[in-house]
$ cat query09.txt   # compact mmCIF, C-alpha atoms
# COMPACT_ATOMS: atom_id res chain seq x y z
CA MET A 1 73.37 208.65 -78.03
CA TYR A 2 75.96 207.73 -75.44
CA LYS A 3 79.57 208.03 -76.54
CA SER A 4 80.99 207.86 -73.02
CA PHE A 5 80.49 206.14 -69.67
CA LEU A 6 81.39 207.75 -66.37
CA ILE A 7 82.87 205.16 -63.98
CA LYS A 8 82.37 205.72 -60.26
CA TYR A 9 84.43 204.10 -57.51
CA ALA A 10 84.28 204.25 -53.71
CA GLU A 11 87.08 202.69 -51.61
CA ILE A 12 89.79 203.84 -54.02
CA ALA A 13 88.92 207.46 -53.27
CA ILE A 14 90.24 207.19 -49.70
CA LYS A 15 93.63 205.69 -50.58
CA GLY A 16 95.57 208.93 -50.17
CA LYS A 17 98.95 209.19 -51.89
CA ASN A 18 98.63 205.66 -53.31
CA ARG A 19 95.30 206.38 -54.96
CA TYR A 20 96.81 206.62 -58.44
CA LEU A 21 98.05 203.00 -58.16
CA PHE A 22 94.52 201.78 -57.54
CA GLU A 23 93.14 203.97 -60.32
CA ASP A 24 95.74 202.63 -62.75
CA ALA A 25 94.84 199.07 -61.76
CA LEU A 26 91.15 199.84 -62.28
CA VAL A 27 91.85 201.30 -65.72
CA GLY A 28 93.77 198.14 -66.62
CA GLN A 29 90.92 195.88 -65.49
CA ILE A 30 88.38 197.96 -67.43
CA LYS A 31 90.46 197.60 -70.61
CA TYR A 32 90.70 193.84 -70.04
CA ALA A 33 86.95 193.51 -69.46
CA LEU A 34 86.07 195.52 -72.57
CA ARG A 35 87.83 192.95 -74.75
CA ALA A 36 84.63 190.91 -74.38
CA ALA A 37 82.59 193.67 -76.07
CA GLU A 38 82.49 194.50 -79.77
CA GLY A 39 83.92 197.90 -80.61
CA GLU A 40 86.91 200.11 -79.90
CA PHE A 41 87.21 202.02 -76.63
CA ALA A 42 89.51 204.45 -74.85
CA VAL A 43 89.77 204.52 -71.04
CA ARG A 44 91.06 207.67 -69.37
CA ARG A 45 91.46 209.26 -65.95
CA LEU A 46 90.49 212.90 -65.47
CA GLN A 47 89.92 214.98 -62.33
CA GLY A 48 89.19 212.07 -60.03
CA ARG A 49 86.97 210.40 -62.58
CA ILE A 50 87.42 207.51 -65.00
CA TYR A 51 85.76 207.61 -68.41
CA VAL A 52 85.20 204.96 -71.06
CA ASP A 53 84.86 206.56 -74.49
CA ALA A 54 83.42 204.64 -77.44
CA LEU A 55 85.55 205.21 -80.53
CA SER A 56 83.34 203.12 -82.82
CA ASP A 57 79.90 201.56 -82.94
CA TYR A 58 79.25 199.28 -80.00
CA ASP A 59 76.59 197.17 -78.30
CA TYR A 60 75.33 199.03 -75.22
CA ASP A 61 74.28 195.89 -73.33
CA GLU A 62 77.63 194.21 -74.00
CA VAL A 63 79.52 197.20 -72.60
CA ILE A 64 77.38 197.37 -69.47
CA GLU A 65 77.78 193.62 -68.93
CA ALA A 66 81.56 193.84 -69.32
CA LEU A 67 81.90 196.82 -66.96
CA SER A 68 79.61 195.13 -64.42
CA ARG A 69 82.30 192.46 -63.95
CA VAL A 70 85.07 194.90 -62.98
CA PHE A 71 85.83 194.93 -59.27
CA GLY A 72 86.34 198.44 -57.94
CA ILE A 73 83.45 199.95 -59.92
CA VAL A 74 80.43 200.98 -57.84
CA GLY A 75 78.53 202.84 -60.55
CA ILE A 76 78.36 202.94 -64.36
CA CYS A 77 76.79 206.11 -65.73
CA PRO A 78 76.03 206.52 -69.44
CA VAL A 79 76.96 210.18 -69.85
CA VAL A 80 76.70 212.99 -72.38
CA LEU A 81 79.79 215.21 -72.39
CA ALA A 82 79.07 218.79 -73.44
CA GLU A 83 81.41 221.69 -74.12
CA ASP A 84 81.12 224.67 -71.76
CA GLU A 85 79.69 227.35 -74.05
CA GLY A 86 77.64 229.26 -71.51
CA PHE A 87 74.42 228.60 -69.63
CA ASP A 88 72.06 228.96 -72.58
CA LYS A 89 73.91 226.23 -74.51
CA LEU A 90 73.98 224.04 -71.38
CA ALA A 91 70.21 224.45 -71.01
CA GLU A 92 69.75 223.41 -74.67
CA ASP A 93 71.92 220.32 -74.11
CA VAL A 94 70.00 219.36 -70.97
CA ILE A 95 66.62 219.76 -72.68
CA ALA A 96 67.83 217.69 -75.66
CA TYR A 97 69.06 215.02 -73.25
CA MET A 98 65.73 214.82 -71.38
CA ASP A 99 63.77 214.75 -74.63
CA SER A 100 65.87 211.94 -76.08
CA VAL A 101 66.23 209.74 -72.99
CA TYR A 102 62.65 210.15 -71.68
CA PRO A 103 60.15 210.22 -74.58
CA ASP A 104 57.35 209.65 -72.04
CA LYS A 105 57.33 212.87 -70.01
CA ARG A 106 54.87 211.69 -67.36
CA MET A 107 57.43 211.68 -64.58
CA THR A 108 58.96 213.64 -61.74
CA PHE A 109 62.49 214.97 -61.68
CA LYS A 110 65.10 216.79 -59.68
CA VAL A 111 68.28 218.51 -60.89
CA ASN A 112 71.45 217.73 -58.93
CA ALA A 113 74.22 220.07 -60.10
CA ARG A 114 77.83 220.02 -58.87
CA ARG A 115 80.74 222.31 -59.67
CA ALA A 116 84.16 220.70 -59.85
CA ARG A 117 85.26 224.03 -61.39
CA LYS A 118 84.50 226.68 -58.80
CA ASN A 119 85.10 229.47 -61.35
CA TYR A 120 81.81 228.66 -63.06
CA PRO A 121 79.65 231.81 -62.80
CA MET A 122 76.68 230.03 -61.16
CA ASN A 123 76.83 227.99 -57.96
CA SER A 124 75.16 224.61 -57.56
CA MET A 125 71.92 225.91 -56.07
CA GLU A 126 71.55 228.50 -58.82
CA LEU A 127 72.17 225.86 -61.48
CA ASN A 128 69.58 223.55 -59.93
CA ALA A 129 66.93 226.27 -60.00
CA ALA A 130 67.78 227.66 -63.44
CA LEU A 131 67.99 224.27 -65.19
CA GLY A 132 64.84 223.07 -63.46
CA GLU A 133 62.98 226.13 -64.71
CA LYS A 134 64.21 225.55 -68.28
CA ILE A 135 63.07 221.90 -68.19
CA LEU A 136 59.62 222.85 -66.86
CA ASP A 137 59.25 225.49 -69.59
CA ALA A 138 60.19 222.94 -72.27
CA PHE A 139 58.05 220.09 -70.91
CA PRO A 140 55.04 221.36 -68.91
CA GLU A 141 53.86 217.79 -68.21
CA ILE A 142 56.98 217.03 -66.14
CA LYS A 143 56.69 217.66 -62.39
CA VAL A 144 59.33 218.54 -59.81
CA ASP A 145 59.81 216.29 -56.79
CA VAL A 146 62.85 217.18 -54.70
CA HIS A 147 62.34 214.31 -52.23
CA HIS A 148 61.49 211.21 -54.30
CA PRO A 149 61.99 212.01 -58.00
CA SER A 150 61.65 209.27 -60.59
CA VAL A 151 64.55 210.90 -62.49
CA LEU A 152 67.57 212.44 -60.82
CA LEU A 153 69.30 214.55 -63.46
CA CYS A 154 72.97 215.00 -62.60
CA VAL A 155 74.92 217.89 -64.12
CA GLU A 156 78.61 218.10 -63.21
CA ILE A 157 80.64 221.14 -64.23
CA ARG A 158 84.05 219.79 -65.12
CA GLU A 159 86.49 220.31 -67.98
CA LYS A 160 83.54 219.15 -70.03
CA ILE A 161 80.05 219.24 -68.58
CA ASN A 162 78.74 215.78 -67.59
CA ILE A 163 75.02 215.16 -68.06
CA TYR A 164 73.57 211.86 -66.86
CA SER A 165 70.58 210.41 -65.04
CA THR A 166 71.26 206.68 -64.87
CA GLU A 167 73.66 204.90 -62.54
CA ILE A 168 73.99 201.14 -63.01
CA LYS A 169 75.32 199.38 -59.95
CA GLY A 170 78.81 197.88 -60.23
CA PRO A 171 80.21 194.96 -58.23
CA GLY A 172 82.18 197.13 -55.78
CA GLY A 173 85.31 195.76 -54.11
CA MET A 174 88.88 196.60 -55.11
CA PRO A 175 90.66 196.38 -58.48
CA VAL A 176 92.18 192.94 -59.03
CA GLY A 177 95.92 192.84 -58.37
CA THR A 178 96.01 195.63 -55.78
CA ASN A 179 96.11 193.17 -52.87
CA GLY A 180 98.58 190.57 -54.08
CA ARG A 181 98.08 187.12 -55.57
CA ALA A 182 96.71 183.86 -54.16
CA MET A 183 96.49 180.23 -55.25
CA LEU A 184 92.94 178.85 -55.50
CA LEU A 185 92.35 175.11 -55.11
CA LEU A 186 89.83 174.84 -57.93
CA SER A 187 87.65 171.75 -58.18
CA GLY A 188 84.71 171.12 -60.46
CA GLY A 189 82.18 171.91 -57.76
CA ILE A 190 80.08 174.93 -56.86
CA ASP A 191 82.10 176.31 -53.96
CA SER A 192 85.65 176.91 -55.17
CA PRO A 193 84.80 179.19 -58.14
CA VAL A 194 82.68 181.30 -55.77
CA ALA A 195 85.60 181.45 -53.31
CA GLY A 196 87.83 182.65 -56.14
CA TYR A 197 85.27 185.31 -57.08
CA MET A 198 84.97 186.51 -53.47
CA ILE A 199 88.72 186.81 -52.89
CA ALA A 200 89.21 188.53 -56.26
CA LYS A 201 86.57 191.07 -55.25
CA ARG A 202 88.96 192.25 -52.54
CA GLY A 203 91.66 192.96 -55.10
CA VAL A 204 93.50 189.61 -55.05
CA ALA A 205 94.76 188.19 -58.36
CA ILE A 206 94.06 184.47 -58.77
CA ASP A 207 96.02 181.46 -59.93
CA ALA A 208 94.52 177.98 -59.59
CA THR A 209 95.49 174.35 -59.02
CA TYR A 210 93.25 171.49 -60.11
CA PHE A 211 93.82 167.84 -59.16
CA HIS A 212 93.01 165.40 -61.94
CA ALA A 213 92.77 161.63 -61.45
CA PRO A 214 92.72 159.79 -64.78
CA PRO A 215 91.30 157.30 -65.62
CA TYR A 216 88.93 157.75 -62.67
CA THR A 217 88.13 161.29 -63.79
CA SER A 218 87.50 162.06 -67.45
CA GLU A 219 88.82 164.68 -69.82
CA ARG A 220 85.36 166.22 -69.64
CA ALA A 221 85.87 166.74 -65.91
CA LYS A 222 89.11 168.56 -66.66
CA GLN A 223 87.47 170.66 -69.38
CA LYS A 224 84.74 171.57 -66.91
CA VAL A 225 87.39 173.06 -64.60
CA VAL A 226 89.00 174.94 -67.48
CA ASP A 227 85.54 176.35 -68.29
CA LEU A 228 85.08 177.41 -64.66
CA ALA A 229 88.50 179.09 -64.70
CA LYS A 230 87.43 180.96 -67.85
CA ILE A 231 84.25 182.18 -66.13
CA LEU A 232 86.32 183.28 -63.15
CA SER A 233 88.82 185.05 -65.40
CA ALA A 234 86.07 187.37 -66.65
CA TYR A 235 86.11 188.89 -63.15
CA ALA A 236 89.65 188.16 -61.93
CA GLY A 237 91.71 188.58 -65.07
CA PRO A 238 93.83 185.83 -66.68
CA VAL A 239 94.26 182.72 -64.51
CA ARG A 240 97.29 180.42 -64.54
CA LEU A 241 95.77 176.96 -64.07
CA HIS A 242 98.01 174.10 -62.89
CA VAL A 243 96.52 170.67 -63.68
CA VAL A 244 98.09 168.03 -61.44
CA ASN A 245 97.82 164.27 -62.06
CA PHE A 246 96.91 163.04 -58.58
CA THR A 247 96.04 159.42 -59.36
CA GLU A 248 99.18 157.67 -58.08
CA ILE A 249 99.17 159.66 -54.85
CA GLN A 250 95.53 158.81 -54.22
CA LEU A 251 96.05 155.11 -54.94
CA TYR A 252 99.07 154.99 -52.66
CA ILE A 253 97.20 156.61 -49.79
CA TYR A 254 94.27 154.28 -50.42
CA GLU A 255 96.63 151.28 -50.22
CA LYS A 256 98.58 152.29 -47.12
CA CYS A 257 96.29 154.31 -44.84
CA PRO A 258 93.01 153.83 -42.94
CA HIS A 259 90.15 154.52 -45.32
CA GLU A 260 88.28 156.75 -42.90
CA GLU A 261 91.26 159.14 -43.08
CA LEU A 262 91.50 159.20 -46.88
CA THR A 263 89.91 162.58 -47.44
CA ILE A 264 91.99 164.37 -44.81
CA LEU A 265 95.24 162.78 -46.00
CA MET A 266 94.52 163.59 -49.65
CA ARG A 267 93.62 167.17 -48.78
CA ARG A 268 96.89 167.56 -46.90
CA TYR A 269 98.88 166.50 -49.98
CA MET A 270 96.79 168.73 -52.20
CA MET A 271 97.65 171.66 -49.95
CA ARG A 272 101.36 170.81 -50.09
CA ILE A 273 101.34 170.67 -53.90
CA ALA A 274 99.23 173.80 -54.30
CA GLU A 275 101.60 175.60 -51.94
CA HIS A 276 104.53 174.57 -54.13
CA PHE A 277 102.98 176.26 -57.18
CA ALA A 278 101.91 179.20 -55.03
CA GLY A 279 105.54 179.75 -54.09
CA GLU A 280 106.63 179.60 -57.73
CA ASN A 281 103.95 182.14 -58.70
CA LYS A 282 104.79 184.50 -55.81
CA CYS A 283 101.39 183.99 -54.20
CA LEU A 284 100.81 185.19 -50.65
CA GLY A 285 98.32 182.51 -49.62
CA LEU A 286 96.04 179.63 -50.56
CA VAL A 287 92.28 179.93 -51.14
CA THR A 288 89.71 177.16 -50.75
CA GLY A 289 85.93 176.96 -51.03
CA GLU A 290 85.43 175.29 -47.68
CA SER A 291 82.57 176.19 -45.34
CA ILE A 292 82.45 174.99 -41.73
CA GLY A 293 80.46 171.80 -41.32
CA GLN A 294 79.37 171.42 -44.94
CA VAL A 295 80.99 167.96 -45.28
CA ALA A 296 83.14 165.70 -43.10
CA SER A 297 86.41 167.25 -44.30
CA GLN A 298 85.19 170.73 -43.35
CA THR A 299 84.67 170.40 -39.61
CA MET A 300 86.81 172.62 -37.41
CA GLN A 301 89.04 169.64 -36.54
CA SER A 302 89.38 168.59 -40.18
CA LEU A 303 90.30 172.09 -41.32
CA ALA A 304 92.90 172.35 -38.56
CA ALA A 305 94.43 169.03 -39.61
CA THR A 306 94.58 170.22 -43.22
CA ASP A 307 96.07 173.60 -42.35
CA ALA A 308 98.81 172.02 -40.25
CA VAL A 309 100.86 171.19 -43.37
CA CYS A 310 100.76 174.76 -44.74
CA ARG A 311 103.36 177.44 -44.26
CA MET A 312 101.26 179.98 -46.14
CA PRO A 313 98.00 181.37 -44.75
CA VAL A 314 94.84 179.66 -46.01
CA TYR A 315 91.94 181.96 -46.88
CA ARG A 316 88.37 180.64 -46.88
CA PRO A 317 86.01 183.38 -48.09
CA LEU A 318 82.96 181.09 -47.74
CA ILE A 319 83.72 179.86 -44.23
CA GLY A 320 80.43 181.09 -42.73
CA PHE A 321 78.19 180.79 -45.80
CA ASP A 322 75.19 178.49 -46.12
CA LYS A 323 75.03 176.36 -49.26
CA SER A 324 72.04 178.35 -50.54
CA GLU A 325 74.05 181.58 -50.27
CA ILE A 326 76.94 180.02 -52.20
CA ILE A 327 74.59 178.78 -54.92
CA GLU A 328 73.06 182.26 -55.23
CA ILE A 329 76.48 183.80 -55.93
CA SER A 330 77.38 180.93 -58.27
CA GLU A 331 74.26 181.66 -60.32
CA LYS A 332 74.97 185.40 -60.28
CA ILE A 333 78.46 184.99 -61.75
CA GLY A 334 77.34 182.45 -64.35
CA ALA A 335 79.22 179.45 -62.91
CA TYR A 336 76.38 177.34 -61.53
CA GLU A 337 75.28 175.54 -64.71
CA THR A 338 78.88 174.54 -65.41
CA SER A 339 79.54 173.50 -61.80
CA ILE A 340 76.61 171.06 -61.70
CA GLN A 341 77.63 169.19 -64.84
CA PRO A 342 77.84 165.50 -63.76
CA PHE A 343 81.58 164.94 -64.23
CA GLU A 344 83.22 163.73 -61.02
CA ASP A 345 86.44 165.23 -59.68
CA CYS A 346 89.12 163.37 -57.75
CA CYS A 347 87.66 164.37 -54.38
CA THR A 348 84.48 162.39 -55.06
CA ILE A 349 86.12 159.21 -56.40
CA PHE A 350 87.92 157.93 -53.30
CA VAL A 351 85.40 158.76 -50.59
CA ALA A 352 85.19 156.58 -47.49
CA LYS A 353 81.79 155.32 -46.37
CA HIS A 354 82.44 156.60 -42.86
CA PRO A 355 85.03 159.39 -42.99
CA VAL A 356 86.50 160.71 -39.76
CA THR A 357 84.90 164.02 -38.77
CA LYS A 358 87.08 164.88 -35.78
CA PRO A 359 90.59 163.81 -36.82
CA ASN A 360 93.38 163.85 -34.29
CA LEU A 361 96.44 165.52 -35.80
CA ASN A 362 98.87 163.13 -34.11
CA VAL A 363 96.98 160.15 -35.52
CA ILE A 364 96.93 161.68 -39.00
CA GLU A 365 100.67 162.36 -38.89
CA ARG A 366 101.36 158.74 -37.80
CA SER A 367 99.28 157.53 -40.74
CA GLU A 368 101.36 159.65 -43.10
CA GLN A 369 104.50 157.89 -41.86
CA ARG A 370 103.22 154.76 -43.62
CA LEU A 371 103.72 156.64 -46.89
CA CYS A 372 107.36 157.55 -46.38
CA GLU A 373 108.73 154.94 -48.79
CA LYS A 374 107.27 156.46 -51.98
CA ILE A 375 105.25 159.59 -51.26
CA ASP A 376 108.01 162.18 -51.81
CA ARG A 377 108.84 160.69 -55.19
CA LEU A 378 105.15 160.60 -56.18
CA VAL A 379 104.67 164.23 -55.15
CA GLN A 380 107.78 165.25 -57.10
CA THR A 381 106.49 163.44 -60.20
CA ALA A 382 103.07 165.09 -59.85
CA VAL A 383 104.71 168.51 -59.67
CA GLU A 384 107.05 167.89 -62.59
CA THR A 385 104.35 166.49 -64.89
CA ALA A 386 101.70 169.12 -64.12
CA GLU A 387 100.10 170.83 -67.10
CA HIS A 388 100.08 174.63 -67.04
CA ILE A 389 97.27 176.47 -68.86
CA ARG A 390 96.74 180.20 -69.20
CA VAL A 391 93.02 180.81 -69.09
CA ALA A 392 91.54 184.16 -70.14
CA ALA A 393 88.05 185.46 -70.81
CA GLU A 394 86.83 185.36 -74.39
CA GLU A 395 87.20 188.47 -76.50
CA GLY A 396 84.30 190.07 -78.32

$ encode --input "query09.txt" --output "C-alpha cells"
Amino acid sequence: MYKSFLIKYAEIAIKGKNRYLFEDALVGQIKYALRAAEGEFAVRRLQGRIYVDALSDYDYDEVIEALSRVFGIVGICPVVLAEDEGFDKLAEDVIAYMDSVYPDKRMTFKVNARRARKNYPMNSMELNAALGEKILDAFPEIKVDVHHPSVLLCVEIREKINIYSTEIKGPGGMPVGTNGRAMLLLSGGIDSPVAGYMIAKRGVAIDATYFHAPPYTSERAKQKVVDLAKILSAYAGPVRLHVVNFTEIQLYIYEKCPHEELTILMRRYMMRIAEHFAGENKCLGLVTGESIGQVASQTMQSLAATDAVCRMPVYRPLIGFDKSEIIEISEKIGAYETSIQPFEDCCTIFVAKHPVTKPNLNVIERSEQRLCEKIDRLVQTAVETAEHIRVAAEEG
C-alpha cells in the first residue's frame, strides 16, 4: 500500500543558511542508494521533508535496505499521502490505514497529530481527540494508551496529509561529501573497511589506496580488496581505488634495513604514496584502520614514527576501539565474511619475528638513509604504474 517513504534527518536541520546544501547532498545519496533496488523512484524535498516516491512496482525490503545505508537518514517512515478534503475524509483515510496495516486489532494506540499548516481548522489536540474517537468507534477492540502505546499513529497536516505509524531507524551521521574527501589506506583486513565506513558516516567522501605485492600476494587478494571497496561504496558512494605494486619497495627495504624496523619503514612509504594520490584527488587527509596497541606497528611510538612523514592530517576513526567492537561493525556492514578470506596482503608477507614496538624516530630516519640510492626511483615507478579502478555499488 505504500507509494511513498518519508525520510527524517537530524543534524542537517540545524545547519542554518547552508541547510539546503546538506539536503541536496542527502537527496543525491538517496538516489545513488536506490540504484540497488528494483523499480523506479523519485526523490523530492518539500517543506523541510524529503520523500521517496515509488513510480513503479518495487520490493519493499530492498528499498528499506538501500535507504538504511544512506548516512544522514535517522528515520525511514513508510507513509500514506492523502489529499486534504476535510476532516471526514481524513478520518476515513486513517481508519482505512489502521485496518490495512494492523489486521490484528488487539493493541493499544495513540494519535500524534501535527500541523505544519496552521490554517487547518483544527489544532493538534483537537485532531488527536477527534481521530482517536473515530478509530475507537470503528474498532472497539483497540484500546487507547497515551503513555506506552504499541502503535503511535502520526498524522501530519502538510500540503498533503502524511499518515504513518512505523519509523525504521537509519544510520544517522551526515550525507557523504558534505565534509570533504579523504584517502583510505585499504588493506584486505577487518579494520580498514570499518574505518572507511566510520569516516564516511561523518560526511567524508572516500578514495582508497591498496598496496599489492605480486607474486607474494595473489590476484585473489587484490580482488578481495576490490570486493571490500564495493561493499564500502554502498555506504560511501563510488570509490576511486588506486592499486599500487609495492613489491620492489618492500624487497629493497628488506635488503637494506634492520628487519625489526621493516613494518614501520614500509608503513612510512605507504603513507607517502597514499598522500601523493590524496593530493591528486584533492583529499584533505589520510584515513587508516589503526587502533592503539592492537599490533606492534600501532603503539603510540609507532604511530608517531609513521605520521612523521605526512604533511596531511591522518584520521584514525578506530583509535580507541577494541577488536570485538570493530568486528561487530564489520559484520553489521556486511564486510566481515570478505575480510576474513585467507588471502594475505603485503603487510603480512614481510613481517619480522621481533618487530620494534617503541621505534625511535631518529633511528628510523637513519635507516631510511640506507635506501637513498634507489628508493625515490622505486616510489616514482610505483606511482606511475598504479592501477586506478572506479568501484561502485551494484545496481538492482

$ closest_atom_pairs --input "query09.txt" --of "segment 280-392 of chain A" --to "segment 167-185 of chain A" --cutoff "8 Å" --atoms "all atoms listed in the file" --output "JSON lines"
{"residue": "A:Lys282", "atom": "CA", "partner": "A:Arg181", "partner_atom": "CA", "distance": 7.2}
{"residue": "A:Cys283", "atom": "CA", "partner": "A:Ala182", "partner_atom": "CA", "distance": 4.7}
{"residue": "A:Leu284", "atom": "CA", "partner": "A:Ala182", "partner_atom": "CA", "distance": 5.6}
{"residue": "A:Gly285", "atom": "CA", "partner": "A:Ala182", "partner_atom": "CA", "distance": 5.0}
{"residue": "A:Leu286", "atom": "CA", "partner": "A:Met183", "partner_atom": "CA", "distance": 4.7}
{"residue": "A:Val287", "atom": "CA", "partner": "A:Leu184", "partner_atom": "CA", "distance": 4.5}
{"residue": "A:Thr288", "atom": "CA", "partner": "A:Leu185", "partner_atom": "CA", "distance": 5.5}
{"residue": "A:Gly289", "atom": "CA", "partner": "A:Leu185", "partner_atom": "CA", "distance": 7.8}

$ residues_around --input "query09.txt" --residues "Thr338 of chain A" --least-positions-apart "5" --cutoff "9 Å" --atoms "all atoms listed in the file" --output "list in words"
Gly188, Gly189, Ile190, Lys224, Val225, Asp227 and Leu228 of chain A

$ residues_near_point --input "query09.txt" --point "(82.9, 226.2, -63.2)" --cutoff "12 Å" --atoms "all atoms listed in the file" --output "count of residues only"
25

$ closest_atom_pairs --input "query09.txt" --of "segment 305-394 of chain A" --to "segment 193-206 of chain A" --cutoff "7 Å" --atoms "all atoms listed in the file" --output "CSV"
residue,atom,partner,partner_atom,distance
A:Pro317,CA,A:Ala195,CA,5.6
A:Leu318,CA,A:Ala195,CA,6.2
A:Ile326,CA,A:Val194,CA,6.9
A:Ile329,CA,A:Val194,CA,6.7
A:Ser330,CA,A:Val194,CA,5.9

$ atom_distance --input "query09.txt" --atom1 "atom CA of Val101 of chain A" --atom2 "atom CA of Leu152 of chain A"
12.5 Å

$ closest_residue --input "query09.txt" --among "A:Glu23, A:Glu38, A:Asp53, A:Asp307" --to "Lys3 of chain A" --atoms "all atoms listed in the file"
A:Asp53

$ atom_distance --input "query09.txt" --atom1 "atom CA of Pro238 of chain A" --atom2 "atom CA of Val63 of chain A"
19.2 Å

$ closest_residue --input "query09.txt" --among "A:Pro342, A:Gly72, A:Gly16, A:Pro359" --to "Gln301 of chain A" --atoms "only C-alpha atoms"
A:Pro359

$ closest_residue --input "query09.txt" --among "A:Ala42, A:Ala66, A:Pro78, A:Ala54" --to "Ile7 of chain A" --atoms "only C-alpha atoms"
A:Pro78

$ closest_residue --input "query09.txt" --among "A:Ile231, A:Met271, A:Leu262, A:Ile76" --to "Val356 of chain A" --atoms "all atoms listed in the file"
A:Leu262

$ residues_around --input "query09.txt" --residues "Lys230 of chain A" --least-positions-apart "6" --cutoff "7 Å" --atoms "all atoms listed in the file" --output "PyMOL selection string"
chain A and resi 391-393

$ closest_residue --input "query09.txt" --among "A:Val363, A:Ala208, A:Val80, A:Cys310" --to "Ser100 of chain A" --atoms "all atoms listed in the file"
A:Val80

$ atom_distance --input "query09.txt" --atom1 "atom CA of Phe71 of chain A" --atom2 "atom CA of Ile50 of chain A"
13.9 Å

$ closest_residue --input "query09.txt" --among "A:Val146, A:Cys257, A:Ala335, A:Leu46" --to "Thr108 of chain A" --atoms "all atoms listed in the file"
A:Val146

$ residues_around --input "query09.txt" --residues "Met107 of chain A" --least-positions-apart "4" --cutoff "7 Å" --atoms "all atoms listed in the file" --output "JSON, numbers by chain"
{"A": [142, 143, 150]}

$ residues_around --input "query09.txt" --residues "Gly39 of chain A" --least-positions-apart "3" --cutoff "8 Å" --atoms "all atoms listed in the file" --output "PDB file with C-alpha atoms, in the frame of the given file"
ATOM      1  CA  ALA A  54      83.420 204.640 -77.440  1.00  0.00           C
ATOM      2  CA  LEU A  55      85.550 205.210 -80.530  1.00  0.00           C
ATOM      3  CA  SER A  56      83.340 203.120 -82.820  1.00  0.00           C
ATOM      4  CA  ASP A  57      79.900 201.560 -82.940  1.00  0.00           C
ATOM      5  CA  TYR A  58      79.250 199.280 -80.000  1.00  0.00           C
ATOM      6  CA  ASP A  59      76.590 197.170 -78.300  1.00  0.00           C
TER       7      ASP A  59
END

$ residues_near_point --input "query09.txt" --point "(94.0, 173.4, -63.1)" --cutoff "6 Å" --atoms "only C-alpha atoms" --output "VMD selection string"
chain A and resid 208 to 210 241 to 243

$ residues_around --input "query09.txt" --residues "Lys256 of chain A" --least-positions-apart "6" --cutoff "10 Å" --atoms "only C-alpha atoms" --output "list of chain:residue names"
A:Leu262, A:Ser367, A:Glu368, A:Gln369, A:Arg370, A:Leu371

$ decode --input "query09.txt" --residues "segment 88-123 of chain A" --atoms "C-alpha atoms" --output "PDB file, in the first residue's frame"
ATOM      1  CA  ASP A  88     -14.462  13.365   7.485  1.00  0.00           C
ATOM      2  CA  LYS A  89     -12.329  12.215   4.530  1.00  0.00           C
ATOM      3  CA  LEU A  90      -9.207  12.302   6.737  1.00  0.00           C
ATOM      4  CA  ALA A  91     -10.962  10.103   9.303  1.00  0.00           C
ATOM      5  CA  GLU A  92     -11.890   7.622   6.542  1.00  0.00           C
ATOM      6  CA  ASP A  93      -8.263   7.530   5.340  1.00  0.00           C
ATOM      7  CA  VAL A  94      -6.959   6.983   8.877  1.00  0.00           C
ATOM      8  CA  ILE A  95      -9.436   4.164   9.556  1.00  0.00           C
ATOM      9  CA  ALA A  96      -8.544   2.513   6.220  1.00  0.00           C
ATOM     10  CA  TYR A  97      -4.861   2.810   7.110  1.00  0.00           C
ATOM     11  CA  MET A  98      -5.299   1.200  10.547  1.00  0.00           C
ATOM     12  CA  ASP A  99      -7.457  -1.581   9.101  1.00  0.00           C
ATOM     13  CA  SER A 100      -4.942  -2.398   6.373  1.00  0.00           C
ATOM     14  CA  VAL A 101      -1.712  -2.133   8.372  1.00  0.00           C
ATOM     15  CA  TYR A 102      -2.984  -3.796  11.581  1.00  0.00           C
ATOM     16  CA  PRO A 103      -5.329  -6.710  10.760  1.00  0.00           C
ATOM     17  CA  ASP A 104      -4.965  -7.893  14.380  1.00  0.00           C
ATOM     18  CA  LYS A 105      -6.682  -5.156  16.377  1.00  0.00           C
ATOM     19  CA  ARG A 106      -5.634  -6.415  19.818  1.00  0.00           C
ATOM     20  CA  MET A 107      -3.361  -3.478  20.511  1.00  0.00           C
ATOM     21  CA  THR A 108      -3.074  -0.067  22.107  1.00  0.00           C
ATOM     22  CA  PHE A 109      -2.632   3.171  20.219  1.00  0.00           C
ATOM     23  CA  LYS A 110      -2.137   6.888  20.480  1.00  0.00           C
ATOM     24  CA  VAL A 111      -2.684   9.574  17.835  1.00  0.00           C
ATOM     25  CA  ASN A 112       0.109  12.126  17.433  1.00  0.00           C
ATOM     26  CA  ALA A 113      -1.105  14.916  15.132  1.00  0.00           C
ATOM     27  CA  ARG A 114       0.982  17.885  13.972  1.00  0.00           C
ATOM     28  CA  ARG A 115       0.034  20.905  11.878  1.00  0.00           C
ATOM     29  CA  ALA A 116       2.683  22.233   9.527  1.00  0.00           C
ATOM     30  CA  ARG A 117      -0.178  24.292   8.035  1.00  0.00           C
ATOM     31  CA  LYS A 118      -1.513  26.429  10.863  1.00  0.00           C
ATOM     32  CA  ASN A 119      -4.583  27.405   8.792  1.00  0.00           C
ATOM     33  CA  TYR A 120      -6.044  23.938   9.277  1.00  0.00           C
ATOM     34  CA  PRO A 121      -9.369  24.410  11.131  1.00  0.00           C
ATOM     35  CA  MET A 122      -8.493  22.017  13.988  1.00  0.00           C
ATOM     36  CA  ASN A 123      -5.425  22.279  16.213  1.00  0.00           C
TER      37      ASN A 123
END
